[in-house]
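Colleague: So here's protein.cif, just mmCIF, C-alpha atoms:
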data_data
#
loop_
_atom_site.label_atom_id
_atom_site.label_comp_id
_atom_site.auth_asym_id
_atom_site.auth_seq_id
_atom_site.Cartn_x
_atom_site.Cartn_y
_atom_site.Cartn_z
CA MET N 145 -5.77 -30.49 15.22
CA SER N 146 -3.97 -33.83 15.47
CA LEU N 147 -0.21 -34.18 15.87
CA ILE N 148 -0.03 -35.67 12.37
CA GLN N 149 -1.88 -32.70 10.87
CA SER N 150 0.32 -30.22 12.77
CA THR N 151 3.48 -31.99 11.62
CA GLY N 152 2.26 -31.97 8.01
CA ILE N 153 1.53 -28.25 8.02
CA GLN N 154 4.93 -27.51 9.56
CA ALA N 155 6.62 -29.62 6.90
CA LEU N 156 4.73 -27.72 4.19
CA LYS N 157 5.90 -24.38 5.62
CA GLU N 158 9.50 -25.60 5.81
CA GLY N 159 9.31 -26.85 2.22
CA LEU N 160 8.04 -23.49 0.98
CA SER N 161 10.76 -21.69 2.93
CA LYS N 162 13.45 -23.87 1.34
CA LEU N 163 11.93 -23.26 -2.11
CA LYS N 164 12.09 -19.50 -1.58
CA GLU N 165 15.63 -19.66 -0.24
CA ARG N 166 16.75 -21.28 -3.50
CA PHE N 167 15.84 -18.06 -5.28
CA ASP N 168 17.31 -15.57 -2.80
CA GLY N 169 19.55 -13.15 -4.69
CA THR N 170 22.47 -11.21 -3.30
CA GLN N 171 21.27 -8.01 -5.00
CA GLY N 172 17.66 -8.20 -3.86
CA GLU N 173 16.43 -9.24 -7.29
CA PRO N 174 12.70 -9.99 -7.37
CA TYR N 175 11.43 -13.48 -8.08
CA ILE N 176 8.10 -15.30 -8.21
CA VAL N 177 6.92 -18.33 -6.26
CA GLU N 178 3.69 -20.03 -7.38
CA SER N 179 1.26 -22.50 -5.86
CA LYS N 180 -2.01 -23.77 -7.32
CA LYS N 181 -3.93 -20.91 -5.70
CA PHE N 182 -1.48 -18.01 -5.29
CA LYS N 183 1.37 -16.27 -7.05
CA ALA N 184 3.78 -14.35 -4.82
CA LEU N 185 6.54 -11.80 -5.36
CA TYR N 186 9.65 -11.97 -3.18
CA PHE N 187 12.95 -10.15 -2.78
CA ASP N 188 14.14 -12.77 -0.28
CA SER N 189 12.71 -15.63 1.77
CA GLU N 190 11.85 -13.45 4.77
CA SER N 191 8.74 -11.64 3.58
CA THR N 192 6.12 -11.60 0.83
CA GLN N 193 6.15 -8.42 -1.26
CA SER N 194 2.91 -9.15 -3.09
CA LEU N 195 0.35 -11.94 -3.30
CA MET N 196 -2.15 -12.63 -6.10
CA ASP N 197 -5.12 -14.98 -6.14
CA MET N 198 -4.69 -16.95 -9.39
CA GLN N 199 -8.47 -17.26 -9.81
CA ALA N 200 -9.23 -13.61 -8.96
CA PRO N 201 -6.20 -11.46 -9.94
CA ILE N 202 -7.93 -8.17 -9.07
CA ARG N 203 -8.85 -9.21 -5.51
CA LEU N 204 -6.82 -7.68 -2.70
CA VAL N 205 -5.37 -10.61 -0.76
CA VAL N 206 -3.07 -8.98 1.78
CA SER N 207 -4.93 -7.10 4.51
CA TYR N 208 -2.72 -4.00 4.59
CA THR N 209 -3.60 -3.23 0.95
CA GLU N 210 -7.28 -3.20 1.93
CA THR N 211 -6.45 -0.78 4.73
CA MET N 212 -4.61 1.51 2.30
CA MET N 213 -7.81 1.63 0.25
CA GLY N 214 -9.29 3.42 3.24
CA PHE N 215 -8.61 6.61 1.30
CA LEU N 216 -12.00 5.91 -0.28
CA LEU N 217 -13.57 7.22 2.92
CA PHE N 218 -12.24 10.65 1.99
CA HIS N 219 -12.07 10.36 -1.81
CA ALA N 220 -14.67 7.90 -3.08
CA THR N 221 -14.12 8.88 -6.73
CA PRO N 222 -10.64 10.40 -7.07
CA LYS N 223 -9.66 11.88 -10.40
CA SER N 224 -5.93 11.30 -9.99
CA ILE N 225 -3.91 8.74 -8.03
CA ALA N 226 -0.13 8.42 -7.76
CA MET N 227 1.55 5.34 -6.31
CA ILE N 228 5.16 4.82 -5.31
CA GLY N 229 6.08 1.13 -5.50
CA LEU N 230 4.58 -1.33 -7.96
CA GLY N 231 5.34 -4.70 -6.40
CA GLY N 232 2.90 -7.19 -7.88
CA GLY N 233 0.53 -4.34 -8.75
CA SER N 234 -2.22 -5.25 -6.29
CA LEU N 235 -3.29 -1.68 -5.52
CA ALA N 236 -2.70 -0.51 -9.08
CA LYS N 237 -4.90 -3.26 -10.53
CA TYR N 238 -7.65 -2.74 -7.99
CA CYS N 239 -7.80 1.03 -8.54
CA HIS N 240 -7.64 0.65 -12.32
CA HIS N 241 -10.58 -1.78 -12.26
CA HIS N 242 -12.79 -0.16 -9.62
CA LEU N 243 -11.98 3.52 -10.22
CA PRO N 244 -12.07 3.65 -14.04
CA ASN N 245 -12.41 7.45 -14.18
CA ALA N 246 -9.17 8.05 -12.28
CA PHE N 247 -5.81 8.68 -13.91
CA ILE N 248 -3.32 6.35 -12.20
CA LEU N 249 0.45 6.88 -12.22
CA VAL N 250 2.68 4.17 -10.72
CA LEU N 251 6.32 5.04 -10.01
CA GLU N 252 8.72 2.09 -9.68
CA ASN N 253 12.51 2.45 -9.68
CA ASN N 254 13.37 -1.23 -10.15
CA PRO N 255 13.16 -2.27 -13.82
CA LYS N 256 13.23 -5.95 -12.81
CA VAL N 257 10.01 -5.46 -10.85
CA ILE N 258 8.42 -3.73 -13.85
CA ALA N 259 9.56 -6.61 -16.07
CA LEU N 260 7.37 -8.97 -14.02
CA LYS N 261 4.19 -6.90 -14.24
CA ASP N 262 2.61 -9.05 -16.96
CA LYS N 263 2.98 -12.07 -14.67
CA PHE N 264 0.67 -10.30 -12.21
CA HIS N 265 -1.87 -9.10 -14.81
CA VAL N 266 -0.91 -5.44 -14.39
CA PRO N 267 -2.64 -3.44 -17.17
CA GLU N 268 -0.73 -2.04 -20.11
CA ASN N 269 0.03 1.67 -20.17
CA SER N 270 -2.82 3.76 -21.53
CA GLU N 271 -4.36 7.20 -21.35
CA HIS N 272 -5.63 6.51 -17.83
CA PHE N 273 -2.96 4.15 -16.49
CA ARG N 274 0.81 4.43 -16.56
CA VAL N 275 3.71 2.54 -14.95
CA LEU N 276 6.85 4.65 -15.09
CA GLU N 277 10.41 3.60 -14.22
CA ALA N 278 11.43 6.40 -11.89
CA ASP N 279 12.65 7.19 -8.41
CA GLY N 280 9.45 8.23 -6.66
CA ALA N 281 11.06 10.80 -4.38
CA ALA N 282 12.90 12.49 -7.25
CA TYR N 283 9.80 12.46 -9.44
CA LEU N 284 7.61 14.16 -6.84
CA ARG N 285 10.33 16.67 -6.07
CA ASN N 286 10.48 17.80 -9.70
CA THR N 287 6.92 17.48 -10.96
CA GLU N 288 4.19 20.11 -11.07
CA GLU N 289 1.45 17.46 -11.22
CA LYS N 290 -1.21 17.39 -8.49
CA PHE N 291 -3.02 14.32 -7.18
CA ASP N 292 -6.12 13.58 -5.13
CA VAL N 293 -4.51 10.49 -3.60
CA LEU N 294 -0.88 9.52 -3.08
CA LEU N 295 -0.08 5.93 -2.01
CA VAL N 296 3.45 5.12 -0.83
CA ASP N 297 4.43 1.44 -0.58
CA GLY N 298 8.07 1.40 -1.63
CA TYR N 299 10.43 -1.22 -0.26
CA THR N 300 13.73 -2.87 -1.12
CA LYS N 301 15.29 -6.07 0.19
CA LEU N 302 16.60 -4.04 3.14
CA GLY N 303 13.31 -2.36 4.00
CA GLN N 304 11.76 1.00 3.29
CA ALA N 305 13.87 3.10 0.96
CA ALA N 306 15.62 5.93 2.82
CA GLN N 307 14.55 8.56 0.28
CA LEU N 308 10.90 7.75 1.04
CA CYS N 309 10.96 8.63 4.73
CA SER N 310 12.78 11.97 4.92
CA GLU N 311 11.18 15.27 5.88
CA ASP N 312 12.04 16.60 2.42
CA PHE N 313 10.13 13.72 0.83
CA TYR N 314 7.07 14.39 2.95
CA ALA N 315 7.24 18.05 1.94
CA SER N 316 7.23 16.95 -1.71
CA CYS N 317 4.16 14.81 -1.02
CA LEU N 318 2.38 17.79 0.51
CA GLU N 319 3.22 19.96 -2.48
CA CYS N 320 1.93 17.34 -4.96
CA LEU N 321 -1.47 16.91 -3.32
CA ASN N 322 -4.58 18.80 -4.32
CA PRO N 323 -6.09 21.03 -1.58
CA ASP N 324 -8.16 18.11 -0.24
CA GLY N 325 -5.63 15.43 -1.16
CA VAL N 326 -4.83 12.39 1.00
CA LEU N 327 -1.47 10.69 1.55
CA VAL N 328 -1.42 7.02 2.63
CA ILE N 329 1.84 5.27 3.56
CA ASN N 330 2.55 1.64 4.39
CA PHE N 331 5.05 1.37 7.23
CA SER N 332 6.46 -2.09 7.88
CA GLY N 333 9.19 -2.49 10.45
CA ALA N 334 10.27 -1.16 13.83
CA ALA N 335 7.47 0.74 15.58
CA GLY N 336 10.01 3.21 16.98
CA LEU N 337 11.15 4.20 13.50
CA ASN N 338 7.57 4.50 12.33
CA GLN N 339 6.91 6.93 15.17
CA VAL N 340 9.89 9.00 14.01
CA TYR N 341 8.49 9.06 10.47
CA GLN N 342 5.06 10.06 11.74
CA GLU N 343 6.57 12.92 13.72
CA ARG N 344 8.30 14.14 10.56
CA ILE N 345 5.03 14.04 8.66
CA ASP N 346 3.20 15.93 11.39
CA ARG N 347 5.84 18.66 11.24
CA VAL N 348 5.22 19.06 7.50
CA PHE N 349 1.43 18.80 7.30
CA ASP N 350 -0.89 21.32 8.91
CA HIS N 351 -3.28 18.60 10.06
CA PRO N 352 -2.33 15.61 12.27
CA SER N 353 -1.92 12.13 10.82
CA VAL N 354 -3.56 8.90 11.97
CA LEU N 355 -1.44 5.72 12.17
CA VAL N 356 -3.54 2.55 11.95
CA VAL N 357 -1.97 -0.68 13.20
CA GLU N 358 -2.87 -3.77 11.20
CA ASP N 359 -4.48 -6.68 13.03
CA ASP N 360 -1.42 -8.84 12.34
CA ARG N 361 0.80 -6.09 13.88
CA MET N 362 3.22 -6.37 10.95
CA ASN N 363 2.16 -3.21 9.10
CA GLN N 364 1.12 0.27 10.14
CA ILE N 365 -0.81 2.42 7.68
CA LEU N 366 -0.52 6.20 8.01
CA PHE N 367 -3.23 8.54 6.76
CA VAL N 368 -2.73 12.28 6.49
CA SER N 369 -4.62 14.93 4.56
CA LYS N 370 -3.86 18.39 3.27
CA ASP N 371 -7.13 19.58 4.81
CA SER N 372 -9.17 18.61 7.87
CA SER N 373 -11.04 15.73 6.21
CA LEU N 374 -9.54 13.13 8.57
CA ASN N 375 -11.58 14.83 11.30
CA THR N 376 -14.86 13.97 9.56
CA PRO N 377 -17.41 12.97 12.27
CA SER N 378 -17.50 9.28 13.08
CA GLU N 379 -21.14 8.92 12.07
CA ASP N 380 -20.39 10.29 8.61
CA LEU N 381 -17.42 7.97 8.11
CA LEU N 382 -19.49 4.95 9.17
CA ARG N 383 -22.22 5.93 6.68
CA ARG N 384 -19.64 6.34 3.93
CA SER N 385 -18.12 2.96 4.79
CA SER N 386 -21.51 1.26 4.59
CA ALA N 387 -22.26 2.83 1.20
CA LEU N 388 -18.81 2.00 -0.20
CA THR N 389 -19.05 -1.64 0.90
CA LYS N 390 -21.86 -2.09 -1.64
CA VAL N 391 -19.37 -1.22 -4.40
CA HIS N 392 -16.01 -2.40 -3.04
CA ASP N 393 -15.52 -5.98 -1.90
CA ILE N 394 -12.91 -5.12 0.71
CA HIS N 395 -12.98 -4.87 4.50
CA LEU N 396 -13.76 -1.15 4.68
CA ALA N 397 -15.85 -1.60 7.83
CA ARG N 398 -12.81 -3.05 9.62
CA THR N 399 -10.58 -0.26 8.32
CA THR N 400 -13.08 2.38 9.41
CA GLN N 401 -13.35 0.97 12.92
CA ASN N 402 -9.57 0.71 13.26
CA PHE N 403 -9.16 4.26 11.97
CA LEU N 404 -11.78 5.66 14.36
CA SER N 405 -10.31 3.76 17.32
CA GLN N 406 -6.85 5.15 16.64
CA ARG N 407 -8.16 8.67 16.07
CA LYS N 408 -9.95 8.50 19.43
CA LEU N 409 -6.74 7.39 21.15
CA ASP N 410 -4.79 10.21 19.52
CA SER N 411 -7.27 12.80 20.73
CA ARG N 412 -6.84 11.94 24.39
#
What do you get writing this file as structure tokens?
Modeller:
Amino acid sequence: MSLIQSTGIQALKEGLSKLKERFDGTQGEPYIVESKKFKALYFDSESTQSLMDMQAPIRLVVSYTETMMGFLLFHATPKSIAMIGLGGGSLAKYCHHHLPNAFILVLENNPKVIALKDKFHVPENSEHFRVLEADGAAYLRNTEEKFDVLLVDGYTKLGQAAQLCSEDFYASCLECLNPDGVLVINFSGAAGLNQVYQERIDRVFDHPSVLVVEDDRMNQILFVSKDSSLNTPSEDLLRRSSALTKVHDIHLARTTQNFLSQRKLDSR
């Protein structure tokens, strides 16, 4: 790359940063930044909350969302999915489109995020899909509903919401899962804190969790199950991954390898 090219790219990055800073709100209010190819959701100029390909709105663009879809290795055709955190609806849209037989409930406590859902092509509420304005921790604590899959990706301007990383919250997650249910959590932040959260989860669940570090090192995705399904033999998981890749255009092979590598490290 020439010096001129490098300078141009740096100028583009600085211009985008200044554009985002213009919209930074003191109360963490969400806002949208668009380019010709992507539409992004921000709470501030420091990090992207969600990213959508304008030409392919269903496609998962951010790698950690593909990793969270690793639950397919254990539940290829779930009947019920609950999500905490809507963001730009990337996971919600993907599951709605590719898992049409699943009932999907999305819990989002910020009405201003919900107000932007049409901008990100999030489906309208229906018999099989529902976005509900609610505190996810309080909802799970009080509901009698059971789910095959529970996805937790709830953040504010200041980071992960405190009510979503307590031992009580993890106990609510356990109670809301079906006997073979899987919980997947996106951790983004200090590795030390994530280890504390994982220890809390392992105290609540009967079976140990697996914490997969994303290739970019910015996110860590935790998998834990109510049964022993995370201990499925490697050969079986690789076969499942290969079969699922024919249906799902996401990097499941990468997720499977990362999961197996971490599980092997944990077993030492």
Colleague: Smallest atom-to-atom distance to Phe331 of chain N: which of N:Tyr175, N:Phe218, N:Phe367, N:Phe349, using all atoms listed in the file?
Modeller: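 Closest candidate: N:Phe367.
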Colleague: Which distance in Å separates atom CA of His219 of chain N and atom CA of Cys239 of chain N, to one decimal?
Modeller: 12.3 Å
Colleague: As a check of understanding, name the residues that the PyMOL selection byres ((chain N and resi 214) around 12) selects in the supplied structure, as an mmCIF file with C-alpha atoms, keeping the file's coordinate frame.
Modeller:
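Saved the output as out_10.cif:
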data_model
loop_
_atom_site.group_PDB
_atom_site.id
_atom_site.type_symbol
_atom_site.label_atom_id
_atom_site.label_comp_id
_atom_site.auth_asym_id
_atom_site.auth_seq_id
_atom_site.Cartn_x
_atom_site.Cartn_y
_atom_site.Cartn_z
ATOM 1 C CA SER N 207 -4.930 -7.100 4.510
ATOM 2 C CA TYR N 208 -2.720 -4.000 4.590
ATOM 3 C CA THR N 209 -3.600 -3.230 0.950
ATOM 4 C CA GLU N 210 -7.280 -3.200 1.930
ATOM 5 C CA THR N 211 -6.450 -0.780 4.730
ATOM 6 C CA MET N 212 -4.610 1.510 2.300
ATOM 7 C CA MET N 213 -7.810 1.630 0.250
ATOM 8 C CA PHE N 215 -8.610 6.610 1.300
ATOM 9 C CA LEU N 216 -12.000 5.910 -0.280
ATOM 10 C CA LEU N 217 -13.570 7.220 2.920
ATOM 11 C CA PHE N 218 -12.240 10.650 1.990
ATOM 12 C CA HIS N 219 -12.070 10.360 -1.810
ATOM 13 C CA ALA N 220 -14.670 7.900 -3.080
ATOM 14 C CA LEU N 235 -3.290 -1.680 -5.520
ATOM 15 C CA VAL N 293 -4.510 10.490 -3.600
ATOM 16 C CA LEU N 295 -0.080 5.930 -2.010
ATOM 17 C CA VAL N 326 -4.830 12.390 1.000
ATOM 18 C CA LEU N 327 -1.470 10.690 1.550
ATOM 19 C CA VAL N 328 -1.420 7.020 2.630
ATOM 20 C CA ILE N 329 1.840 5.270 3.560
ATOM 21 C CA VAL N 354 -3.560 8.900 11.970
ATOM 22 C CA VAL N 356 -3.540 2.550 11.950
ATOM 23 C CA ILE N 365 -0.810 2.420 7.680
ATOM 24 C CA LEU N 366 -0.520 6.200 8.010
ATOM 25 C CA PHE N 367 -3.230 8.540 6.760
ATOM 26 C CA VAL N 368 -2.730 12.280 6.490
ATOM 27 C CA LEU N 374 -9.540 13.130 8.570
ATOM 28 C CA LEU N 381 -17.420 7.970 8.110
ATOM 29 C CA LEU N 382 -19.490 4.950 9.170
ATOM 30 C CA ARG N 384 -19.640 6.340 3.930
ATOM 31 C CA SER N 385 -18.120 2.960 4.790
ATOM 32 C CA LEU N 388 -18.810 2.000 -0.200
ATOM 33 C CA THR N 389 -19.050 -1.640 0.900
ATOM 34 C CA HIS N 392 -16.010 -2.400 -3.040
ATOM 35 C CA ILE N 394 -12.910 -5.120 0.710
ATOM 36 C CA HIS N 395 -12.980 -4.870 4.500
ATOM 37 C CA LEU N 396 -13.760 -1.150 4.680
ATOM 38 C CA ALA N 397 -15.850 -1.600 7.830
ATOM 39 C CA ARG N 398 -12.810 -3.050 9.620
ATOM 40 C CA THR N 399 -10.580 -0.260 8.320
ATOM 41 C CA THR N 400 -13.080 2.380 9.410
ATOM 42 C CA GLN N 401 -13.350 0.970 12.920
ATOM 43 C CA ASN N 402 -9.570 0.710 13.260
ATOM 44 C CA PHE N 403 -9.160 4.260 11.970
ATOM 45 C CA LEU N 404 -11.780 5.660 14.360
#
Colleague: Please return, as an MDAnalysis selection string, all polymer residues that have at least one atom within 12 Å of the point (-17.3, 12.3, 14.8); use all atoms listed in the file and the file's own coordinate frame.
Modeller: chainID N and resid 373:383 403:405 407:408 411
Colleague: With only C-alpha atoms as the counted atoms, please give the residues lying no more than 6 Å from segment 264-269 of chain N, apart from itself and same-chain residues fewer than 5 positions off, as a list in words.
Modeller: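 The residues that qualify are Gly232, Gly233, Lys237 and Arg274 of chain N.
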Colleague: Rounded to one decimal, what separation in Å do you get between atom CA of Phe187 of chain N and atom CA of His240 of chain N?
Modeller: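 For atom CA of Phe187 of chain N relative to atom CA of His240 of chain N, the distance reads 25.1 Å.
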Colleague: As an exercise, work out the distance from atom CA of Tyr299 of chain N to atom CA of Leu337 of chain N in Å and give it to one decimal place.
Modeller: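 Atom CA of Leu337 of chain N lies 14.8 Å from atom CA of Tyr299 of chain N.
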Colleague: Measuring atom to atom with all atoms listed in the file, identify which of N:Phe273, N:Phe182, N:Tyr283, N:Phe247 is nearest to Ile228 of chain N.
Modeller: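 Among the listed residues, the smallest separation from Ile228 of chain N belongs to N:Tyr283.
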Colleague: Evaluated on this file, the PyMOL selection byres ((chain N and resi 260) around 12) picks out some residues - which ones are they, written as a short mmCIF file (atom, residue, chain, number, x, y, z; two decimals) with C-alpha atoms, keeping the file's coordinate frame?
Modeller:
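See part_14.cif below for the written result:
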data_model
loop_
_atom_site.label_atom_id
_atom_site.label_comp_id
_atom_site.auth_asym_id
_atom_site.auth_seq_id
_atom_site.Cartn_x
_atom_site.Cartn_y
_atom_site.Cartn_z
CA GLU N 173 16.43 -9.24 -7.29
CA PRO N 174 12.70 -9.99 -7.37
CA TYR N 175 11.43 -13.48 -8.08
CA ILE N 176 8.10 -15.30 -8.21
CA LYS N 183 1.37 -16.27 -7.05
CA ALA N 184 3.78 -14.35 -4.82
CA LEU N 185 6.54 -11.80 -5.36
CA TYR N 186 9.65 -11.97 -3.18
CA SER N 194 2.91 -9.15 -3.09
CA LEU N 230 4.58 -1.33 -7.96
CA GLY N 231 5.34 -4.70 -6.40
CA GLY N 232 2.90 -7.19 -7.88
CA GLY N 233 0.53 -4.34 -8.75
CA GLU N 252 8.72 2.09 -9.68
CA ASN N 254 13.37 -1.23 -10.15
CA PRO N 255 13.16 -2.27 -13.82
CA LYS N 256 13.23 -5.95 -12.81
CA VAL N 257 10.01 -5.46 -10.85
CA ILE N 258 8.42 -3.73 -13.85
CA ALA N 259 9.56 -6.61 -16.07
CA LYS N 261 4.19 -6.90 -14.24
CA ASP N 262 2.61 -9.05 -16.96
CA LYS N 263 2.98 -12.07 -14.67
CA PHE N 264 0.67 -10.30 -12.21
CA HIS N 265 -1.87 -9.10 -14.81
CA VAL N 266 -0.91 -5.44 -14.39
CA PRO N 267 -2.64 -3.44 -17.17
#
Colleague: Apply the PyMOL selection byres ((chain N and resi 204) around 9) to the displayed file and report the matching residues as a PDB file with C-alpha atoms, in the coordinates of the input.
Modeller:
ATOM      1  CA  LEU N 195       0.350 -11.940  -3.300  1.00  0.00           C
ATOM      2  CA  MET N 196      -2.150 -12.630  -6.100  1.00  0.00           C
ATOM      3  CA  ASP N 197      -5.120 -14.980  -6.140  1.00  0.00           C
ATOM      4  CA  ALA N 200      -9.230 -13.610  -8.960  1.00  0.00           C
ATOM      5  CA  PRO N 201      -6.200 -11.460  -9.940  1.00  0.00           C
ATOM      6  CA  ILE N 202      -7.930  -8.170  -9.070  1.00  0.00           C
ATOM      7  CA  ARG N 203      -8.850  -9.210  -5.510  1.00  0.00           C
ATOM      8  CA  VAL N 205      -5.370 -10.610  -0.760  1.00  0.00           C
ATOM      9  CA  VAL N 206      -3.070  -8.980   1.780  1.00  0.00           C
ATOM     10  CA  SER N 207      -4.930  -7.100   4.510  1.00  0.00           C
ATOM     11  CA  THR N 209      -3.600  -3.230   0.950  1.00  0.00           C
ATOM     12  CA  GLU N 210      -7.280  -3.200   1.930  1.00  0.00           C
ATOM     13  CA  SER N 234      -2.220  -5.250  -6.290  1.00  0.00           C
ATOM     14  CA  LEU N 235      -3.290  -1.680  -5.520  1.00  0.00           C
ATOM     15  CA  TYR N 238      -7.650  -2.740  -7.990  1.00  0.00           C
ATOM     16  CA  ASP N 393     -15.520  -5.980  -1.900  1.00  0.00           C
ATOM     17  CA  ILE N 394     -12.910  -5.120   0.710  1.00  0.00           C
TER      18      ILE N 394
END
Colleague: N:Ala226, N:Thr221, N:Ala282, N:Ser369: which is nearest Pro244 of chain N, counting only C-alpha atoms?
Modeller: N:Thr221
Colleague: Using all atoms listed in the file, which of N:Asn322, N:Thr192, N:Ser353, N:Gln406 sits nearest Lys290 of chain N?
Modeller: N:Asn322
Colleague: What are the centre and edge lengths in Å, to one decimal, of the axis-aligned box around all listed atoms of segment 354-364 of chain N with 3 Å added on each side, as lines of an AutoDock Vina configuration file?
Modeller:
center_x = -0.6
center_y = 0.0
center_z = 11.5
size_x = 13.7
size_y = 23.7
size_z = 10.8
